[in-house]
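Have a look at the structure below before the remarks.
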Amino acid sequence: MSSAPSRSNSGPVAHALDAAASSLIVAIRELAAANPVVLIDGRSGAGKTSLAKTLVARWPLAGRVQLVALDSIYPGWDGLDAGVALAREQVLAPHARGLVGVWQRWDWEVGAPAEAHAVDPSLPLVVEGSGVLTAETRRLGDVRVWLESPARSRRDRALARDGDSYRPHWDRWARQEVAHVDRDGPARLATHVFDVP
């Protein structure tokens, strides 16, 4: 999987994500917190990575903000739930307790964990990825986002981004996303729901 923004992210999609980022900036300012946590969920190709990168680029508070993409944590094509558990245990829970979190990047080419990364609890944090909004993570996110987007648009964007490396795994990954949506109801856990064309 790739954390690269979609090449087809222009026109109505770019407008929707820009408007979403503007709404989130207002919400972050209203929190009046030094180290808020933003969780961005949605199915593959919905625009999570692009929204997260836009939000980080336009971050409304002074200082640095940390961005963790679950695409870097999921342990393989069957690892949606496992990746979310790792993010909760190694990134979100330590951040909430004021402790340094440490997560390992998953190397998709070799199919094994790679280098470790630290998360500073004193800094704001944006975590984006399919599955991140659950009952367990809800209390760990100050601003919680669900992106809704039509299946055809999502698939076109995701395959334009990742091409043949993702195509054979689309249905396999989609089944895990459906299970997450059915089980966790992420749109109901969100503080903000945005439609992306």
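Simple scheme: letters A, B, ... for chains in structure tokens order, numbers from 1 for residues in each chain, numbers from 1 for ligands in the order shown.
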Which residues come within 10 Å of Gly47 of chain A, counting only C-alpha atoms, excluding same-chain residues fewer than 5 positions away, as a PyMOL selection string?
chain A and resi 5-6+9+13-14+16-17+40-42+52+128-129+147-149+154+157-158+196-197
DSSP on the backbone, strand (DSSP E or B) only: what residues of segment 15-185 of chain A does that give? Format it as a VMD selection string.
chain A and resid 37 to 42 66 to 69 101 to 107 112 to 119 125 to 128 143 to 148
Interatomic distance (Å, one decimal) between atom CA of Val127 of chain A and atom CA of Leu67 of chain A:
5.9 Å
Residues of segment 43-138 of chain A in helix (DSSP H, G or I) according to DSSP, as a ChimeraX atom specification?
/A:48-57,70-72,80-96,135-138
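Distance-wise, atom CA of Trp106 of chain A and atom CA of Tyr74 of chain A end up 6.6 Å apart.
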List as a PyMOL selection string the protein and nucleic acid residues near Val68 of chain A, meaning an atom at most 12 Å away when only C-alpha atoms are counted, but skip any in the same chain fewer than 6 places from it.
chain A and resi 3+37-40+48-49+52-53+56+74+83-84+86-88+90-92+101-105+117-120+124-129+132
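Atom CA of Asp156 of chain A to atom CA of Ala190 of chain A spans 25.2 Å [interatomic distance, one decimal].
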From the options A:Asp107, A:Arg161, A:Arg29, A:Pro94, which residue's atoms come nearest to Ser50 of chain A, counting only C-alpha atoms?
A:Arg161
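Nearest to Ala32 of chain A of all the residues A:Ala20, A:Leu61, A:Leu80, A:Leu51 is A:Leu61, counting only C-alpha atoms.
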